[in-house]
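So the structure is just underneath, and the comments pick up after that.
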Amino acid sequence: MTHPGARDLIDPFDRVVRDLRISVTDRCNFRCTYCMPEEGMQWMPRSEILTFEEIERLARICVEHYGFEGIRLTGGEPTIRAHITRLVSKLAALGVDLAMTTNGATLRNLAHDLRQAGLQRINISLDTLDRDKFARMTRRDELANVLEGIAVAKQAGFDRVKINAVVERGTNDDEIVDLARFGRDEGVEVRFIEFMPLDASDAWQRAKVVGQDEIVAAIASEWPIEVVPATGAAPANLWRYLDGGGTVGVIPTVTKPFCGDCDRVRLTADGQFRTCLFATDEFDMREALRAGETDDEIARRIETAVGTKWAGHQINQVHFIRPKRTMSQIGG
């Protein structure tokens, strides 16, 4: 429900912005090949990271001034931020749809506490079911812990548990059907994500992208499926299994961008406001917070930033410019 007195925050293309993605840390306990280098990451100094109080204040301004309805916590890896359940409690009190994306490695120890603190939905990254391949892709031997984390998350009673699987040609594209079967067997929705140019090693190539059509064809060759009509501004396209086996999704950022319906903005761990995952400009909210600006002044900064939101990213254009930050630094 929209906060009383809030007004719509509308970008230059008449999209109403209602979803805030918040990175709570740039640190991660994995080193996924499509995201981070194996060694040499320069972590942000802790003094530059927003405090829980600063995060809660910015989120509250978005809710109270502009009627934001959804908040998603990301990283890096959000569960390694100390006392993360305290932040979840603060944000849950705002009355929004509160979700988190995690690699799941420590979720077996945290899922029940996160749910009790008010987290409603959780997305867990799982790109492969093969232990050796998992270790190569994440550079960590943590598959068993992630699978246990998924099981515990299901027990914890979240509204929804989803699996995010980034598909990279020549790496795990042979596991599309296996991952879909895992989702059916476990009663969780698998969402396949096209490989995006946000890796730290700058190894992304268009040829490594496995597109939505290919992913859907692989699944449909095993089980009859039908498309689920789109509702709202969710990034995933959905299909349902005709035998009642649930749903499966694809986030086709590269081949079929969903920019026209985008209602999202992002806040990095160091307080930079971004209007797109691939944005080349940032707006410093940390400076405003620490300079003692009022809520109204910060709200105007947010409004100014959203006034620069573009029609969509330019991945498929020759003039595409990669963001200076990697996925782990921006927040997934």
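Residue numbering restarts at 1 for every chain of the structure tokens, chains are lettered A, B, ... in their displayed order, and ligands are numbered from 1 as they appear.
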
For the structure I just gave you, how does DSSP split segment 114-321 of chain A - specifically, which residues are helix (DSSP H, G or I)? Reply as JSON, numbers by chain.
{"A": [114, 115, 116, 117, 131, 132, 133, 134, 135, 136, 137, 138, 143, 144, 145, 146, 147, 148, 149, 150, 151, 152, 153, 154, 155, 156, 173, 174, 175, 176, 177, 178, 179, 180, 181, 182, 183, 184, 185, 186, 206, 207, 208, 212, 213, 214, 215, 216, 217, 218, 219, 220, 259, 260, 261, 285, 286, 287, 288, 289, 290, 295, 296, 297, 298, 299, 300, 301, 302, 303, 304, 305, 306]}

Residues of segment 51-168 of chain A within 10 Å of segment 267-279 of chain A: nearest atom pair and distance (Å, one decimal) for each, counting only C-alpha atoms, sorted by chain and number, as JSON lines?
```
{"residue": "A:Thr51", "atom": "CA", "partner": "A:Ala269", "partner_atom": "CA", "distance": 9.2}
{"residue": "A:Glu54", "atom": "CA", "partner": "A:Gly271", "partner_atom": "CA", "distance": 8.7}
{"residue": "A:Ile55", "atom": "CA", "partner": "A:Gly271", "partner_atom": "CA", "distance": 8.2}
{"residue": "A:Leu58", "atom": "CA", "partner": "A:Leu267", "partner_atom": "CA", "distance": 9.1}
{"residue": "A:Ala59", "atom": "CA", "partner": "A:Leu267", "partner_atom": "CA", "distance": 9.5}
{"residue": "A:Leu73", "atom": "CA", "partner": "A:Leu267", "partner_atom": "CA", "distance": 9.8}
{"residue": "A:Thr74", "atom": "CA", "partner": "A:Ala269", "partner_atom": "CA", "distance": 9.2}
{"residue": "A:Gly75", "atom": "CA", "partner": "A:Ala269", "partner_atom": "CA", "distance": 7.7}
{"residue": "A:Gly76", "atom": "CA", "partner": "A:Ala269", "partner_atom": "CA", "distance": 8.9}
```

Measure the distance from atom CA of Ala82 of chain A to atom CA of Gln42 of chain A in Å and round it to one decimal.
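Answer for the atom CA of Ala82 of chain A to atom CA of Gln42 of chain A separation: 19.3 Å.
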
Min atom-atom distance to Arg27 of chain A from the set A:Asp295, A:Asp132, A:Asp141, A:Glu77, counting only C-alpha atoms, belongs to A:Glu77

Go through segment 129-195 of chain A and collect every residue that DSSP, computed from the backbone, puts in strand (DSSP E); the answer should be as a PyMOL selection string.
chain A and resi 160-167+189-194

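For segment 176-183 of chain A, the residues within 9 Å (counting only C-alpha atoms, excluding itself and residues fewer than 6 positions away along the chain) are Leu126, Asp127, Thr128, Leu129, Lys162, Ile163, Ala165, Val167, Glu189, Val190, Arg191, Phe192, Ile215, Ala218, Ile219, Ser221, Glu222, Gly245, Gly246, Thr247 and Val248 of chain A.
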
Give me a file of those residues, with C-alpha atoms, as a PDB file, in the first residue's frame.
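Result file follows (selection-v5.pdb):
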```pdb
ATOM      1  CA  LEU A 126      22.899 -21.674  -7.894  1.00  0.00           C
ATOM      2  CA  ASP A 127      24.589 -21.910 -11.281  1.00  0.00           C
ATOM      3  CA  THR A 128      25.444 -25.605 -11.294  1.00  0.00           C
ATOM      4  CA  LEU A 129      24.634 -28.843  -9.494  1.00  0.00           C
ATOM      5  CA  LYS A 162      13.713 -18.679  -5.920  1.00  0.00           C
ATOM      6  CA  ILE A 163      16.907 -19.918  -7.523  1.00  0.00           C
ATOM      7  CA  ALA A 165      21.178 -19.357 -12.329  1.00  0.00           C
ATOM      8  CA  VAL A 167      23.984 -19.298 -17.839  1.00  0.00           C
ATOM      9  CA  GLU A 189      11.172 -21.359  -9.110  1.00  0.00           C
ATOM     10  CA  VAL A 190      14.416 -21.365 -11.090  1.00  0.00           C
ATOM     11  CA  ARG A 191      15.174 -18.130 -12.934  1.00  0.00           C
ATOM     12  CA  PHE A 192      17.841 -18.378 -15.616  1.00  0.00           C
ATOM     13  CA  ILE A 215      16.951 -21.631 -22.698  1.00  0.00           C
ATOM     14  CA  ALA A 218      15.837 -26.645 -23.872  1.00  0.00           C
ATOM     15  CA  ILE A 219      13.226 -26.746 -21.121  1.00  0.00           C
ATOM     16  CA  SER A 221      12.094 -30.215 -25.080  1.00  0.00           C
ATOM     17  CA  GLU A 222      11.713 -31.978 -21.735  1.00  0.00           C
ATOM     18  CA  GLY A 245       5.250 -28.659 -11.902  1.00  0.00           C
ATOM     19  CA  GLY A 246       5.366 -24.967 -11.049  1.00  0.00           C
ATOM     20  CA  THR A 247       6.976 -22.135 -12.994  1.00  0.00           C
ATOM     21  CA  VAL A 248      10.351 -21.316 -14.504  1.00  0.00           C
TER      22      VAL A 248
END
```

Can you measure atom CA of Tyr34 of chain A to atom CA of Ala236 of chain A for me? One decimal in Å is fine.
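Those two atoms sit 19.8 Å apart.
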
Mind checking which residues fall within 8 Å of Thr101 of chain A, counting only C-alpha atoms, ignoring those fewer than 3 positions away in the same chain, and posting them as JSON, numbers by chain?
{"A": [72, 73, 74, 75, 78, 122, 123, 124, 125, 332]}

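Considering only C-alpha atoms, the residue among A:Pro37, A:Pro4, A:Gly104, A:Gly170 positioned nearest to Val210 of chain A is A:Gly170.
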
One-decimal distance in Å that lies between atom CA of Val161 of chain A and atom CA of Arg31 of chain A:
23.2 Å

Would you mind listing what lies within 10 Å of Glu56 of chain A as a ChimeraX atom specification, with only C-alpha atoms counted and same-chain residues fewer than 2 positions away left out?
/A:50-54,58-62,87-94

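With only C-alpha atoms as the atoms that count, the residue of A:Leu110, A:Met36, A:Ile150, A:Val265 with the shortest distance to Thr308 of chain A is A:Val265.
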
Which residue is closest to Phe195 of chain A? Choose from A:Pro235, A:Pro229, A:Gly95, A:Pro252 and count only C-alpha atoms.
A:Pro252

Smallest atom-to-atom distance to Asp97 of chain A: which of A:Glu194, A:Asp19, A:Asp213, A:Asp8, using only C-alpha atoms?
A:Asp19

Contacts of Ile71 of chain A at 8 Å (only C-alpha atoms; same-chain gap of 5+ positions) as a list of chain:residue names:
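The residues that qualify are A:Asp19, A:Leu20, A:Arg21, A:Ile22, A:Val96, A:Asp97, A:Leu98, A:Ala99.
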